[in-house]
Every structure is written in C-alpha cells, then in structure tokens.
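Below is input.pdb, which holds PDB, C-alpha atoms, pLDDT in the B column.
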```
ATOM      1  CA  MET V   1      49.587 -26.765   1.246  1.00 52.00           C
ATOM      2  CA  ILE V   2      50.664 -30.217  -0.045  1.00 65.00           C
ATOM      3  CA  ASP V   3      50.900 -30.467  -3.829  1.00 70.00           C
ATOM      4  CA  LEU V   4      49.385 -33.831  -4.757  1.00 71.00           C
ATOM      5  CA  GLY V   5      48.716 -34.603  -8.381  1.00 76.00           C
ATOM      6  CA  LEU V   6      46.522 -37.373  -9.823  1.00 74.00           C
ATOM      7  CA  SER V   7      49.472 -39.676 -10.485  1.00 82.00           C
ATOM      8  CA  LYS V   8      50.752 -39.267  -6.913  1.00 83.00           C
ATOM      9  CA  LEU V   9      47.318 -40.021  -5.470  1.00 77.00           C
ATOM     10  CA  ALA V  10      47.085 -43.160  -7.616  1.00 81.00           C
ATOM     11  CA  LEU V  11      50.515 -44.296  -6.429  1.00 84.00           C
ATOM     12  CA  ILE V  12      49.547 -43.716  -2.765  1.00 82.00           C
ATOM     13  CA  GLY V  13      46.317 -45.683  -3.301  1.00 79.00           C
ATOM     14  CA  VAL V  14      48.185 -48.658  -4.812  1.00 82.00           C
ATOM     15  CA  VAL V  15      50.734 -48.676  -1.975  1.00 83.00           C
ATOM     16  CA  ALA V  16      47.937 -48.436   0.641  1.00 79.00           C
ATOM     17  CA  LEU V  17      46.077 -51.316  -1.035  1.00 79.00           C
ATOM     18  CA  VAL V  18      49.189 -53.492  -0.934  1.00 82.00           C
ATOM     19  CA  VAL V  19      50.183 -52.553   2.637  1.00 83.00           C
ATOM     20  CA  VAL V  20      46.755 -52.496   4.326  1.00 79.00           C
ATOM     21  CA  GLY V  21      44.893 -55.000   2.236  1.00 80.00           C
ATOM     22  CA  PRO V  22      41.576 -54.742   0.418  1.00 79.00           C
ATOM     23  CA  GLU V  23      39.379 -55.586   3.417  1.00 84.00           C
ATOM     24  CA  ARG V  24      40.704 -52.838   5.743  1.00 83.00           C
ATOM     25  CA  LEU V  25      41.241 -50.170   3.069  1.00 79.00           C
ATOM     26  CA  PRO V  26      37.802 -48.406   3.400  1.00 83.00           C
ATOM     27  CA  LYS V  27      38.194 -48.102   7.160  1.00 86.00           C
ATOM     28  CA  VAL V  28      41.726 -46.678   6.817  1.00 80.00           C
ATOM     29  CA  ALA V  29      40.558 -44.263   4.092  1.00 81.00           C
ATOM     30  CA  ARG V  30      37.760 -42.949   6.360  1.00 89.00           C
ATOM     31  CA  MET V  31      40.203 -42.497   9.210  1.00 88.00           C
ATOM     32  CA  ALA V  32      42.681 -40.701   6.903  1.00 83.00           C
ATOM     33  CA  GLY V  33      39.867 -38.435   5.657  1.00 88.00           C
ATOM     34  CA  THR V  34      38.791 -37.479   9.179  1.00 93.00           C
ATOM     35  CA  LEU V  35      42.404 -36.805  10.175  1.00 90.00           C
ATOM     36  CA  PHE V  36      42.899 -34.724   7.045  1.00 88.00           C
ATOM     37  CA  GLY V  37      39.715 -32.718   7.866  1.00 92.00           C
ATOM     38  CA  ARG V  38      40.895 -32.160  11.436  1.00 94.00           C
ATOM     39  CA  ALA V  39      44.275 -30.978  10.135  1.00 92.00           C
ATOM     40  CA  GLN V  40      42.564 -28.523   7.767  1.00 94.00           C
ATOM     41  CA  ARG V  41      40.363 -27.142  10.589  1.00 95.00           C
ATOM     42  CA  TYR V  42      43.385 -26.818  12.867  1.00 95.00           C
ATOM     43  CA  ILE V  43      45.329 -24.947  10.154  1.00 95.00           C
ATOM     44  CA  SER V  44      42.375 -22.598   9.492  1.00 95.00           C
ATOM     45  CA  ASP V  45      42.077 -21.940  13.265  1.00 95.00           C
ATOM     46  CA  VAL V  46      45.789 -21.139  13.442  1.00 95.00           C
ATOM     47  CA  LYS V  47      45.490 -18.791  10.455  1.00 95.00           C
ATOM     48  CA  ALA V  48      42.499 -17.041  12.028  1.00 95.00           C
ATOM     49  CA  GLU V  49      44.348 -16.647  15.338  1.00 95.00           C
ATOM     50  CA  VAL V  50      47.405 -15.226  13.572  1.00 95.00           C
ATOM     51  CA  SER V  51      45.271 -12.748  11.636  1.00 95.00           C
ATOM     52  CA  ARG V  52      43.497 -11.708  14.881  1.00 95.00           C
ATOM     53  CA  GLU V  53      46.864 -11.143  16.554  1.00 95.00           C
ATOM     54  CA  ILE V  54      48.020  -9.036  13.602  1.00 95.00           C
ATOM     55  CA  GLU V  55      44.837  -6.952  13.777  1.00 95.00           C
ATOM     56  CA  LEU V  56      45.248  -6.526  17.540  1.00 94.00           C
ATOM     57  CA  ASP V  57      48.840  -5.393  17.048  1.00 94.00           C
ATOM     58  CA  GLU V  58      47.682  -2.860  14.456  1.00 95.00           C
ATOM     59  CA  LEU V  59      44.938  -1.638  16.806  1.00 95.00           C
ATOM     60  CA  ARG V  60      47.414  -1.320  19.672  1.00 95.00           C
ATOM     61  CA  LYS V  61      49.743   0.656  17.424  1.00 95.00           C
ATOM     62  CA  MET V  62      46.891   2.958  16.303  1.00 96.00           C
ATOM     63  CA  HIS V  63      45.796   3.370  19.934  1.00 95.00           C
ATOM     64  CA  LYS V  64      49.332   4.323  20.909  1.00 95.00           C
ATOM     65  CA  ASP V  65      49.539   6.828  18.018  1.00 95.00           C
ATOM     66  CA  VAL V  66      46.194   8.376  18.998  1.00 95.00           C
ATOM     67  CA  GLN V  67      47.300   8.669  22.628  1.00 95.00           C
ATOM     68  CA  GLU V  68      50.554  10.358  21.549  1.00 95.00           C
ATOM     69  CA  ALA V  69      48.621  12.785  19.334  1.00 94.00           C
ATOM     70  CA  ALA V  70      46.194  13.528  22.178  1.00 94.00           C
ATOM     71  CA  THR V  71      49.042  14.241  24.594  1.00 94.00           C
ATOM     72  CA  ASP V  72      50.699  16.488  21.999  1.00 94.00           C
ATOM     73  CA  VAL V  73      47.465  18.433  21.514  1.00 94.00           C
ATOM     74  CA  GLU V  74      46.937  18.635  25.269  1.00 95.00           C
ATOM     75  CA  GLN V  75      50.478  19.929  25.787  1.00 94.00           C
ATOM     76  CA  SER V  76      50.107  22.530  23.031  1.00 93.00           C
ATOM     77  CA  ILE V  77      46.781  23.705  24.476  1.00 94.00           C
ATOM     78  CA  ALA V  78      48.295  23.866  27.955  1.00 93.00           C
ATOM     79  CA  SER V  79      51.277  25.886  26.705  1.00 93.00           C
ATOM     80  CA  SER V  80      48.991  28.260  24.765  1.00 92.00           C
ATOM     81  CA  PHE V  81      46.783  28.659  27.826  1.00 92.00           C
ATOM     82  CA  SER V  82      49.762  29.368  30.060  1.00 92.00           C
ATOM     83  CA  GLU V  83      51.075  31.962  27.563  1.00 92.00           C
ATOM     84  CA  LEU V  84      47.640  33.585  27.436  1.00 92.00           C
ATOM     85  CA  GLU V  85      47.376  33.560  31.211  1.00 91.00           C
ATOM     86  CA  SER V  86      50.819  35.164  31.579  1.00 90.00           C
ATOM     87  CA  ASP V  87      49.880  37.813  28.989  1.00 87.00           C
ATOM     88  CA  VAL V  88      46.668  38.576  30.866  1.00 87.00           C
ATOM     89  CA  GLN V  89      48.525  38.797  34.182  1.00 86.00           C
ATOM     90  CA  GLU V  90      51.090  41.128  32.623  1.00 84.00           C
ATOM     91  CA  ALA V  91      48.349  43.276  31.109  1.00 79.00           C
ATOM     92  CA  LEU V  92      46.634  43.505  34.486  1.00 80.00           C
ATOM     93  CA  ARG V  93      49.902  44.523  36.181  1.00 80.00           C
ATOM     94  CA  ASN V  94      50.687  47.204  33.572  1.00 74.00           C
ATOM     95  CA  PRO V  95      47.418  48.890  32.600  1.00 63.00           C
ATOM     96  CA  LEU V  96      47.661  51.082  29.531  1.00 63.00           C
ATOM     97  CA  LEU V  97      44.870  53.403  30.611  1.00 59.00           C
ATOM     98  CA  GLU V  98      45.075  54.792  34.081  1.00 60.00           C
ATOM     99  CA  PRO V  99      41.755  55.336  35.812  1.00 60.00           C
ATOM    100  CA  GLN V 100      40.617  58.891  35.373  1.00 59.00           C
ATOM    101  CA  GLU V 101      38.923  61.034  37.901  1.00 69.00           C
ATOM    102  CA  PRO V 102      35.286  61.997  37.262  1.00 71.00           C
ATOM    103  CA  ASN V 103      36.075  65.669  36.647  1.00 78.00           C
ATOM    104  CA  GLN V 104      38.643  64.764  33.970  1.00 81.00           C
ATOM    105  CA  MET V 105      35.995  62.657  32.215  1.00 80.00           C
ATOM    106  CA  ALA V 106      33.528  65.536  32.353  1.00 83.00           C
ATOM    107  CA  VAL V 107      36.106  67.873  30.790  1.00 84.00           C
ATOM    108  CA  LYS V 108      36.765  65.361  27.995  1.00 85.00           C
ATOM    109  CA  ALA V 109      33.037  64.933  27.344  1.00 85.00           C
ATOM    110  CA  LYS V 110      32.561  68.691  27.189  1.00 85.00           C
ATOM    111  CA  ASP V 111      35.448  69.017  24.708  1.00 87.00           C
ATOM    112  CA  PHE V 112      33.973  66.236  22.593  1.00 86.00           C
ATOM    113  CA  ARG V 113      30.576  67.960  22.498  1.00 82.00           C
ATOM    114  CA  LYS V 114      32.198  71.236  21.443  1.00 81.00           C
ATOM    115  CA  LYS V 115      34.125  69.534  18.651  1.00 81.00           C
ATOM    116  CA  LYS V 116      31.032  67.648  17.471  1.00 80.00           C
ATOM    117  CA  LEU V 117      28.989  70.848  17.446  1.00 75.00           C
ATOM    118  CA  ALA V 118      31.693  72.554  15.417  1.00 72.00           C
ATOM    119  CA  ARG V 119      31.761  69.695  12.927  1.00 71.00           C
ATOM    120  CA  THR V 120      28.019  69.453  12.431  1.00 68.00           C
ATOM    121  CA  SER V 121      27.050  73.105  12.595  1.00 69.00           C
ATOM    122  CA  ALA V 122      29.620  74.107  10.008  1.00 68.00           C
ATOM    123  CA  ILE V 123      27.547  72.400   7.297  1.00 73.00           C
ATOM    124  CA  PRO V 124      24.581  74.471   6.074  1.00 76.00           C
ATOM    125  CA  SER V 125      21.164  72.821   6.330  1.00 75.00           C
ATOM    126  CA  TRP V 126      20.416  73.348   2.603  1.00 81.00           C
ATOM    127  CA  TYR V 127      23.499  71.260   1.785  1.00 79.00           C
ATOM    128  CA  LYS V 128      22.411  68.535   4.201  1.00 75.00           C
ATOM    129  CA  LYS V 129      18.982  68.370   2.526  1.00 78.00           C
ATOM    130  CA  GLN V 130      20.490  68.377  -0.966  1.00 83.00           C
ATOM    131  CA  SER V 131      22.973  65.601  -0.217  1.00 79.00           C
ATOM    132  CA  GLY V 132      20.258  63.467   1.406  1.00 75.00           C
ATOM    133  CA  ARG V 133      21.769  63.326   4.868  1.00 72.00           C
ATOM    134  CA  ARG V 134      19.323  62.350   7.565  1.00 72.00           C
ATOM    135  CA  THR V 135      18.545  65.076  10.019  1.00 70.00           C
ATOM    136  CA  ARG V 136      16.022  63.090  12.054  1.00 76.00           C
ATOM    137  CA  VAL V 137      15.907  59.431  12.993  1.00 82.00           C
ATOM    138  CA  ILE V 138      12.799  57.488  11.991  1.00 85.00           C
ATOM    139  CA  SER V 139      12.034  53.809  12.486  1.00 89.00           C
ATOM    140  CA  GLY V 140      12.201  51.257   9.707  1.00 88.00           C
ATOM    141  CA  ALA V 141       8.433  50.799   9.668  1.00 91.00           C
ATOM    142  CA  ALA V 142       7.891  54.564   9.406  1.00 89.00           C
ATOM    143  CA  ARG V 143      10.396  54.744   6.538  1.00 85.00           C
ATOM    144  CA  VAL V 144       8.579  51.936   4.679  1.00 89.00           C
ATOM    145  CA  ALA V 145       5.242  53.684   5.182  1.00 88.00           C
ATOM    146  CA  LYS V 146       6.694  56.998   4.010  1.00 86.00           C
ATOM    147  CA  TYR V 147       8.039  55.635   0.725  1.00 85.00           C
ATOM    148  CA  ARG V 148       5.193  53.164  -0.020  1.00 87.00           C
ATOM    149  CA  PRO V 149       3.505  53.745  -3.412  1.00 85.00           C
ATOM    150  CA  ALA V 150       0.198  55.622  -3.301  1.00 78.00           C
ATOM    151  CA  GLY V 151      -1.946  52.671  -4.507  1.00 73.00           C
ATOM    152  CA  ALA V 152      -0.562  50.319  -1.871  1.00 67.00           C
ATOM    153  CA  ARG V 153      -1.339  52.503   1.135  1.00 62.00           C
ATOM    154  CA  LYS V 154      -4.075  51.061   3.319  1.00 62.00           C
ATOM    155  CA  THR V 155      -6.500  52.913   5.403  1.00 59.00           C
ATOM    156  CA  PRO V 156      -7.438  51.673   8.864  1.00 56.00           C
ATOM    157  CA  ALA V 157     -10.940  50.797   7.596  1.00 55.00           C
ATOM    158  CA  SER V 158      -9.519  48.374   5.004  1.00 52.00           C
ATOM    159  CA  PHE V 159      -7.915  46.127   7.640  1.00 54.00           C
ATOM    160  CA  HIS V 160     -11.227  44.401   8.485  1.00 50.00           C
TER
END
```
I'd like the structure from this file rewritten - as structure tokens, please.
Amino acid sequence: MIDLGLSKLALIGVVALVVVGPERLPKVARMAGTLFGRAQRYISDVKAEVSREIELDELRKMHKDVQEAATDVEQSIASSFSELESDVQEALRNPLLEPQEPNQMAVKAKDFRKKKLARTSAIPSWYKKQSGRRTRVISGAARVAKYRPAGARKTPASFH
C-alpha cells in the first residue's frame, strides 16, 4: 500500500515531535494508529466486496451459459420429437402391410405348414440322431438329471 522505510518513519517521528510537542505526542500517535487501523479495515472490506462482486458476475455468467445450453437441448429434443411424431403420423397414413382377411391368413398358414413339413421330413431320422439334433423337447432340469453322473444320482429315500 504505502511504502514506508525505517528512515522515513524516523523522519516522520522527528517532524511530529517538533510540530506536536513531546507532551501531546502519545495521544496523537494513538489517534493515528486507530485511524490507520480503520483505514486498513475499510480497505479490506472494499477488497472483499469487490471480490464478491467478481464472483457474482462469474456466477451470473455461468448461470446464463447453463440456461442457454438448457434451451439448446430443449430445442433439439423438441425438434427430434416433432420429427419422430411426423414420421409416426406418416407411417400411420401409409401402412406397409394392408390388413389381410382371415381366409388369406389361413391359406398362408397352411402353405407354411406344408413347406415346414417338406423341410423337416426330407431329413432321415438316422441322420438326425447321428448329428445330435433334438427330436423332443425336454426341460432343463430333466436334461441335468439325464446327464448326471451315476454316483451323484440320488434316490428319493436319500433326501431325508
């Protein structure tokens, strides 16, 4: 703040002693000390207020940036939603599959069954057994019991 060296303080003390006199010097020194303390407190208060204002300005700026980002995200979501809604409306207006009558569905199911029968019956059963294809569906628990080692099988009497 004020750059006072030892020689300058000594010079100020000598001048104060000459001007004020030796009897009033302690009282004037106390008053100067209290005024100097008040000035230091006032300067620290001003510095604190300035730093608070700077922080508030930074917070306001961050708040403004966050609000802008939120509005951008909201606008992008709204535009995506409107595009999706228009696509759905268009898809509902132009259906790709027309509803079929029940007899057409029965004909298709019958054709499918014929084709499936032709696919599966063309393979001989000995080949199915050799390749390990499943011919019957069994549950997971039944499969575990079927392939369990002989020593690990439990009889109902051993569950007690």
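Taking CA of Phe81 (chain V) as the reference point, CA of Met62 (chain V) is found at 28.2 Å.
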To one decimal place in Å, what is the distance between CA of Glu53 (chain V) and CA of Ala39 (chain V)?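 Going from CA of Glu53 (chain V) over to CA of Ala39 (chain V) covers 21.0 Å.
You will find CA of Val14 (chain V) at 16.8 Å from CA of Gly33 (chain V).
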